[in-house]
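Shown below: work-v7.cif, with mmCIF, C-alpha atoms.
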```cif
data_input
#
loop_
_atom_site.group_PDB
_atom_site.id
_atom_site.type_symbol
_atom_site.label_atom_id
_atom_site.label_comp_id
_atom_site.auth_asym_id
_atom_site.auth_seq_id
_atom_site.Cartn_x
_atom_site.Cartn_y
_atom_site.Cartn_z
ATOM 1 C CA MET A 1 -31.590 -59.667 16.777
ATOM 2 C CA THR A 2 -32.257 -56.007 17.614
ATOM 3 C CA LYS A 3 -29.561 -53.345 17.718
ATOM 4 C CA GLN A 4 -29.698 -53.214 21.515
ATOM 5 C CA GLU A 5 -29.453 -56.989 21.849
ATOM 6 C CA LEU A 6 -26.385 -56.985 19.576
ATOM 7 C CA ARG A 7 -24.836 -54.109 21.551
ATOM 8 C CA ASN A 8 -25.304 -56.071 24.777
ATOM 9 C CA GLU A 9 -23.781 -59.215 23.256
ATOM 10 C CA ILE A 10 -20.750 -57.337 21.916
ATOM 11 C CA LYS A 11 -20.196 -55.589 25.269
ATOM 12 C CA GLU A 12 -20.153 -58.974 27.014
ATOM 13 C CA ASN A 13 -17.597 -60.262 24.477
ATOM 14 C CA GLN A 14 -15.497 -57.109 25.020
ATOM 15 C CA LYS A 15 -15.372 -57.755 28.769
ATOM 16 C CA VAL A 16 -13.952 -61.229 28.180
ATOM 17 C CA PHE A 17 -11.475 -60.044 25.523
ATOM 18 C CA LEU A 18 -10.255 -57.101 27.622
ATOM 19 C CA GLN A 19 -9.686 -59.159 30.778
ATOM 20 C CA ASN A 20 -6.179 -59.640 29.425
ATOM 21 C CA SER A 21 -4.863 -56.164 28.538
ATOM 22 C CA VAL A 22 -2.206 -57.699 26.290
ATOM 23 C CA ASN A 23 -5.018 -58.751 23.923
ATOM 24 C CA ARG A 24 -5.903 -55.116 23.226
ATOM 25 C CA ILE A 25 -2.279 -53.986 22.946
ATOM 26 C CA TYR A 26 -1.192 -56.751 20.589
ATOM 27 C CA THR A 27 -4.322 -56.757 18.438
ATOM 28 C CA SER A 28 -4.319 -52.939 18.186
ATOM 29 C CA TYR A 29 -0.690 -53.073 17.032
ATOM 30 C CA GLU A 30 -1.494 -55.687 14.378
ATOM 31 C CA LEU A 31 -4.522 -53.700 13.169
ATOM 32 C CA ALA A 32 -2.435 -50.516 13.003
ATOM 33 C CA LYS A 33 0.060 -52.313 10.746
ATOM 34 C CA LYS A 34 -2.798 -53.430 8.465
ATOM 35 C CA VAL A 35 -4.238 -49.918 8.232
ATOM 36 C CA CYS A 36 -0.872 -48.203 7.684
ATOM 37 C CA SER A 37 0.057 -50.625 4.891
ATOM 38 C CA SER A 38 -3.322 -50.231 3.173
ATOM 39 C CA GLU A 39 -3.639 -48.464 -0.154
ATOM 40 C CA GLU A 40 -6.252 -46.153 1.372
ATOM 41 C CA PHE A 41 -3.849 -44.958 4.079
ATOM 42 C CA GLU A 42 -0.948 -44.591 1.659
ATOM 43 C CA LYS A 43 -3.047 -42.398 -0.690
ATOM 44 C CA ALA A 44 -4.489 -40.227 2.081
ATOM 45 C CA ASN A 45 -3.216 -36.702 2.686
ATOM 46 C CA PHE A 46 -5.729 -36.269 5.508
ATOM 47 C CA VAL A 47 -6.457 -38.821 8.230
ATOM 48 C CA PHE A 48 -9.587 -38.229 10.259
ATOM 49 C CA ALA A 49 -9.095 -40.445 13.296
ATOM 50 C CA PHE A 50 -10.852 -41.005 16.614
ATOM 51 C CA MET A 51 -9.628 -41.042 20.174
ATOM 52 C CA PRO A 52 -10.430 -44.575 21.328
ATOM 53 C CA LEU A 53 -12.371 -45.559 24.392
ATOM 54 C CA SER A 54 -10.786 -48.199 26.615
ATOM 55 C CA ASP A 55 -12.784 -50.968 24.906
ATOM 56 C CA GLU A 56 -11.941 -49.923 21.327
ATOM 57 C CA VAL A 57 -8.962 -50.584 19.086
ATOM 58 C CA ASN A 58 -6.159 -48.269 20.188
ATOM 59 C CA ILE A 59 -5.270 -46.421 16.995
ATOM 60 C CA GLY A 60 -2.392 -44.410 18.496
ATOM 61 C CA GLY A 61 0.050 -46.211 16.196
ATOM 62 C CA ILE A 62 -1.952 -45.130 13.146
ATOM 63 C CA ILE A 63 -2.002 -41.509 14.298
ATOM 64 C CA LEU A 64 1.751 -41.621 14.972
ATOM 65 C CA GLU A 65 2.470 -43.077 11.526
ATOM 66 C CA ALA A 66 0.315 -40.380 9.930
ATOM 67 C CA PHE A 67 2.395 -37.714 11.712
ATOM 68 C CA ILE A 68 5.638 -39.412 10.619
ATOM 69 C CA GLN A 69 4.403 -39.360 7.000
ATOM 70 C CA ASN A 70 3.434 -35.661 7.305
ATOM 71 C CA LYS A 71 -0.253 -36.329 6.843
ATOM 72 C CA LYS A 72 -2.691 -33.901 8.439
ATOM 73 C CA VAL A 73 -4.584 -35.558 11.293
ATOM 74 C CA ALA A 74 -7.918 -34.549 12.782
ATOM 75 C CA VAL A 75 -10.028 -35.965 15.612
ATOM 76 C CA PRO A 76 -13.641 -35.313 16.611
ATOM 77 C CA LYS A 77 -14.831 -32.926 19.275
ATOM 78 C CA ILE A 78 -18.373 -33.213 20.643
ATOM 79 C CA THR A 79 -20.264 -29.955 20.116
ATOM 80 C CA GLY A 80 -23.782 -30.849 21.155
ATOM 81 C CA ASP A 81 -26.316 -33.599 21.446
ATOM 82 C CA GLY A 82 -25.388 -36.040 18.699
ATOM 83 C CA LEU A 83 -23.122 -33.509 16.940
ATOM 84 C CA MET A 84 -19.377 -33.434 16.411
ATOM 85 C CA GLU A 85 -16.822 -31.475 14.436
ATOM 86 C CA PHE A 86 -13.246 -32.369 13.587
ATOM 87 C CA HIS A 87 -10.152 -30.481 14.729
ATOM 88 C CA TRP A 88 -6.615 -30.719 13.404
ATOM 89 C CA ILE A 89 -4.165 -32.102 15.930
ATOM 90 C CA SER A 90 -0.403 -32.364 16.256
ATOM 91 C CA PRO A 91 1.867 -33.707 18.994
ATOM 92 C CA GLU A 92 1.916 -30.185 20.464
ATOM 93 C CA ILE A 93 -1.874 -29.858 20.814
ATOM 94 C CA PRO A 94 -2.920 -30.706 24.382
ATOM 95 C CA MET A 95 -5.862 -33.038 24.826
ATOM 96 C CA GLU A 96 -8.480 -33.228 27.583
ATOM 97 C CA LYS A 97 -11.353 -35.532 28.379
ATOM 98 C CA GLY A 98 -14.616 -34.290 26.922
ATOM 99 C CA PRO A 99 -18.141 -35.683 26.966
ATOM 100 C CA TYR A 100 -18.362 -39.472 27.265
ATOM 101 C CA ASN A 101 -14.808 -39.475 28.693
ATOM 102 C CA ILE A 102 -13.284 -39.251 25.198
ATOM 103 C CA TYR A 103 -10.089 -37.263 24.677
ATOM 104 C CA GLU A 104 -10.405 -34.255 22.377
ATOM 105 C CA PRO A 105 -8.315 -31.133 21.637
ATOM 106 C CA LYS A 106 -8.290 -28.694 24.523
ATOM 107 C CA ASP A 107 -9.853 -25.273 23.930
ATOM 108 C CA TYR A 108 -8.000 -22.326 25.383
ATOM 109 C CA SER A 109 -9.964 -19.664 23.586
ATOM 110 C CA ASP A 110 -12.090 -18.940 20.541
ATOM 111 C CA ILE A 111 -8.851 -18.189 18.686
ATOM 112 C CA THR A 112 -7.426 -21.652 19.377
ATOM 113 C CA HIS A 113 -10.759 -23.238 18.442
ATOM 114 C CA SER A 114 -10.935 -21.467 15.085
ATOM 115 C CA LYS A 115 -7.312 -22.350 14.232
ATOM 116 C CA THR A 116 -7.798 -26.072 14.789
ATOM 117 C CA LEU A 117 -11.342 -26.450 13.427
ATOM 118 C CA VAL A 118 -11.364 -28.305 10.116
ATOM 119 C CA ASN A 119 -12.958 -26.329 7.299
ATOM 120 C CA MET A 120 -14.791 -29.163 5.583
ATOM 121 C CA ASP A 121 -15.019 -27.151 2.345
ATOM 122 C CA PHE A 122 -11.315 -27.896 1.783
ATOM 123 C CA VAL A 123 -11.617 -31.636 2.367
ATOM 124 C CA GLN A 124 -12.550 -32.998 -1.029
ATOM 125 C CA THR A 125 -10.088 -35.761 -1.969
ATOM 126 C CA ASN A 126 -7.510 -38.093 -0.456
ATOM 127 C CA ALA A 127 -9.193 -38.069 2.944
ATOM 128 C CA LEU A 128 -9.424 -41.198 5.083
ATOM 129 C CA LEU A 129 -11.964 -41.404 7.891
ATOM 130 C CA LEU A 130 -11.270 -44.042 10.558
ATOM 131 C CA ILE A 131 -14.534 -45.054 12.197
ATOM 132 C CA PRO A 132 -15.039 -46.952 15.441
ATOM 133 C CA GLY A 133 -18.004 -49.201 16.050
ATOM 134 C CA LEU A 134 -19.340 -51.811 18.424
ATOM 135 C CA SER A 135 -19.863 -54.170 15.515
ATOM 136 C CA PHE A 136 -19.469 -54.325 11.734
ATOM 137 C CA SER A 137 -20.426 -56.707 8.985
ATOM 138 C CA GLU A 138 -17.762 -57.537 6.413
ATOM 139 C CA ASP A 139 -19.785 -55.632 3.795
ATOM 140 C CA GLY A 140 -19.527 -52.413 5.827
ATOM 141 C CA LYS A 141 -22.690 -52.179 7.880
ATOM 142 C CA ARG A 142 -21.918 -50.544 11.229
ATOM 143 C CA LEU A 143 -23.430 -50.654 14.679
ATOM 144 C CA GLY A 144 -22.380 -47.704 16.811
ATOM 145 C CA ARG A 145 -23.109 -46.921 20.427
ATOM 146 C CA GLY A 146 -26.548 -45.502 19.623
ATOM 147 C CA LYS A 147 -25.979 -41.738 19.821
ATOM 148 C CA GLY A 148 -25.752 -41.173 16.041
ATOM 149 C CA PHE A 149 -22.623 -38.965 16.019
ATOM 150 C CA TYR A 150 -20.982 -40.637 13.026
ATOM 151 C CA ASP A 151 -24.247 -41.150 11.129
ATOM 152 C CA ARG A 152 -25.059 -37.425 11.362
ATOM 153 C CA PHE A 153 -21.534 -36.441 10.343
ATOM 154 C CA LEU A 154 -21.492 -38.923 7.456
ATOM 155 C CA ALA A 155 -24.904 -37.813 6.232
ATOM 156 C CA GLU A 156 -23.429 -34.367 5.634
ATOM 157 C CA TYR A 157 -19.792 -35.085 4.732
ATOM 158 C CA GLY A 158 -19.471 -38.817 4.062
ATOM 159 C CA ASN A 159 -18.965 -38.468 0.316
ATOM 160 C CA ARG A 160 -15.658 -36.631 0.938
ATOM 161 C CA PHE A 161 -13.998 -39.604 2.621
ATOM 162 C CA TYR A 162 -12.899 -43.140 2.177
ATOM 163 C CA LYS A 163 -14.628 -44.626 5.238
ATOM 164 C CA LEU A 164 -12.619 -47.302 7.029
ATOM 165 C CA GLY A 165 -14.112 -49.191 9.984
ATOM 166 C CA ILE A 166 -11.717 -50.677 12.534
ATOM 167 C CA CYS A 167 -12.617 -53.339 15.090
ATOM 168 C CA PHE A 168 -11.512 -56.521 16.811
ATOM 169 C CA ASP A 169 -12.403 -59.757 15.013
ATOM 170 C CA PHE A 170 -15.032 -60.759 17.596
ATOM 171 C CA GLN A 171 -16.950 -57.594 16.635
ATOM 172 C CA ILE A 172 -17.589 -58.846 13.083
ATOM 173 C CA ARG A 173 -21.057 -60.260 12.449
ATOM 174 C CA PRO A 174 -22.590 -61.760 9.283
ATOM 175 C CA ASP A 175 -25.236 -59.058 9.305
ATOM 176 C CA ILE A 176 -25.987 -55.905 11.276
ATOM 177 C CA PRO A 177 -29.488 -54.510 11.837
ATOM 178 C CA VAL A 178 -29.640 -51.076 10.202
ATOM 179 C CA SER A 179 -32.119 -48.271 9.692
ATOM 180 C CA GLU A 180 -32.413 -45.762 6.856
ATOM 181 C CA LYS A 181 -30.203 -43.310 8.817
ATOM 182 C CA ASP A 182 -27.324 -45.752 9.246
ATOM 183 C CA ILE A 183 -24.398 -45.195 6.896
ATOM 184 C CA SER A 184 -22.053 -48.011 5.936
ATOM 185 C CA VAL A 185 -18.268 -47.855 5.690
ATOM 186 C CA ASP A 186 -16.328 -48.641 2.513
ATOM 187 C CA LYS A 187 -14.128 -51.264 4.145
ATOM 188 C CA VAL A 188 -13.600 -52.898 7.534
ATOM 189 C CA ILE A 189 -10.210 -53.912 8.926
ATOM 190 C CA PHE A 190 -10.332 -56.483 11.715
#
```

Produce structure tokens that represent the structure in this file.
Amino acid sequence: MTKQELRNEIKENQKVFLQNSVNRIYTSYELAKKVCSSEEFEKANFVFAFMPLSDEVNIGGIILEAFIQNKKVAVPKITGDGLMEFHWISPEIPMEKGPYNIYEPKDYSDITHSKTLVNMDFVQTNALLLIPGLSFSEDGKRLGRGKGFYDRFLAEYGNRFYKLGICFDFQIRPDIPVSEKDISVDKVIF
């Protein structure tokens, strides 16, 4: 099966799963409990999260628990074609919809941007990166949406993080077609 064929299959399964909104709410809650009780989350001082699309696991509970535990939390901001950078967030940081209709920290000025931008030179240990995907294999292979944002970021900074994929159980496949540019996660919670 090609990557595009698998993407199409997963999207059809998502439509069925999301017909009942309680499925997403309940399953997201259960997955958040699994992540927050994991050794990787407990050890992390920094949690690099994502702002979920409407068909992804809602990780709001994970972000909230990270704030409660005084962990620093960052989310991605799209900066160009296939490029993203992470920005620190807090409950006081306003969010706005960016490219692809994904929430990201709002920019008021260059000053605000530079204060929230994560200096990756200081992220060396105890950092957890939560990674979305359309599909994963249990051994960590990942199928994204095809734009390469996470693969580009991971190619440069991946060795600084424990990479944790999060998905619904119907998104797990025995094997995922990958290319040499695709970067696997360390663990998948589903």

Taking the file as shown, find all residues satisfying the PyMOL selection byres ((chain A and resi 132) around 7) and write them as number ranges by chain. A: 130-131, 133, 165-167

Identify all residues satisfying the PyMOL selection byres ((chain A and resi 87-89) around 12) in the given file; provide them as number ranges by chain. A: 46-51, 63-64, 66-67, 71-79, 84-86, 90-95, 103-107, 112-120

In Å to one decimal, how far is CA of Phe168 in chain A from CA of Phe190 in chain A? 5.2 Å

Written as a PyMOL selection string, what is the full residue list that the PyMOL selection byres ((chain A and resi 187) around 12) yields on the file shown? chain A and resi 35+38-40+128-131+136-142+161-167+184-186+188-190

Provide the CA of Gly60 in chain A to CA of Ile176 in chain A distance in Å, to one decimal place.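 Atom-to-atom, CA of Gly60 in chain A to CA of Ile176 in chain A, that is 27.2 Å.
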
Separation of CA of Phe153 in chain A and CA of Gln124 in chain A, in Å?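 Atom-to-atom, CA of Phe153 in chain A to CA of Gln124 in chain A, that is 14.9 Å.
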
Find, counting only C-alpha atoms, the residue in A:Pro174, A:Gln19, A:Ser135, A:Glu180 that gets nearest to Arg7 in chain A. A:Ser135

Centre and edge lengths, as lines of an AutoDock Vina configuration file, for the axis-aligned box enclosing every listed atom of range 59-66 of chain A with 3 Å of padding on each of the six sides, in Å to one decimal?
```
center_x = -1.4
center_y = -43.4
center_z = 14.2
size_x = 13.7
size_y = 12.0
size_z = 14.6
```

Give me the residues near Leu6 in chain A as a ChimeraX atom specification, where near means some atom within 12 Å (using only C-alpha atoms) and where sequence neighbours in that chain fewer than 4 positions away do not count. /A:1-2,10-13,133-136,142-146,171-178

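Closest to Val22 in chain A among A:Asn58, A:Leu154, A:Asn159, A:Lys43 is A:Asn58, based on all atoms listed in the file.
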
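Minimum atom-to-atom distances from A:Ile183, A:Leu53, A:Ala32, A:Ala44 to Thr125 in chain A were compared using all atoms listed in the file, and the lowest value belongs to A:Ala44.
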
Give the answer as one residue: which of A:Asp81, A:Glu30, A:Glu9, A:Glu42 has the shortest atom-to-atom distance to Ile59 in chain A, using all atoms listed in the file?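 Among A:Asp81, A:Glu30, A:Glu9, A:Glu42, it is A:Glu30 that comes nearest to Ile59 in chain A.
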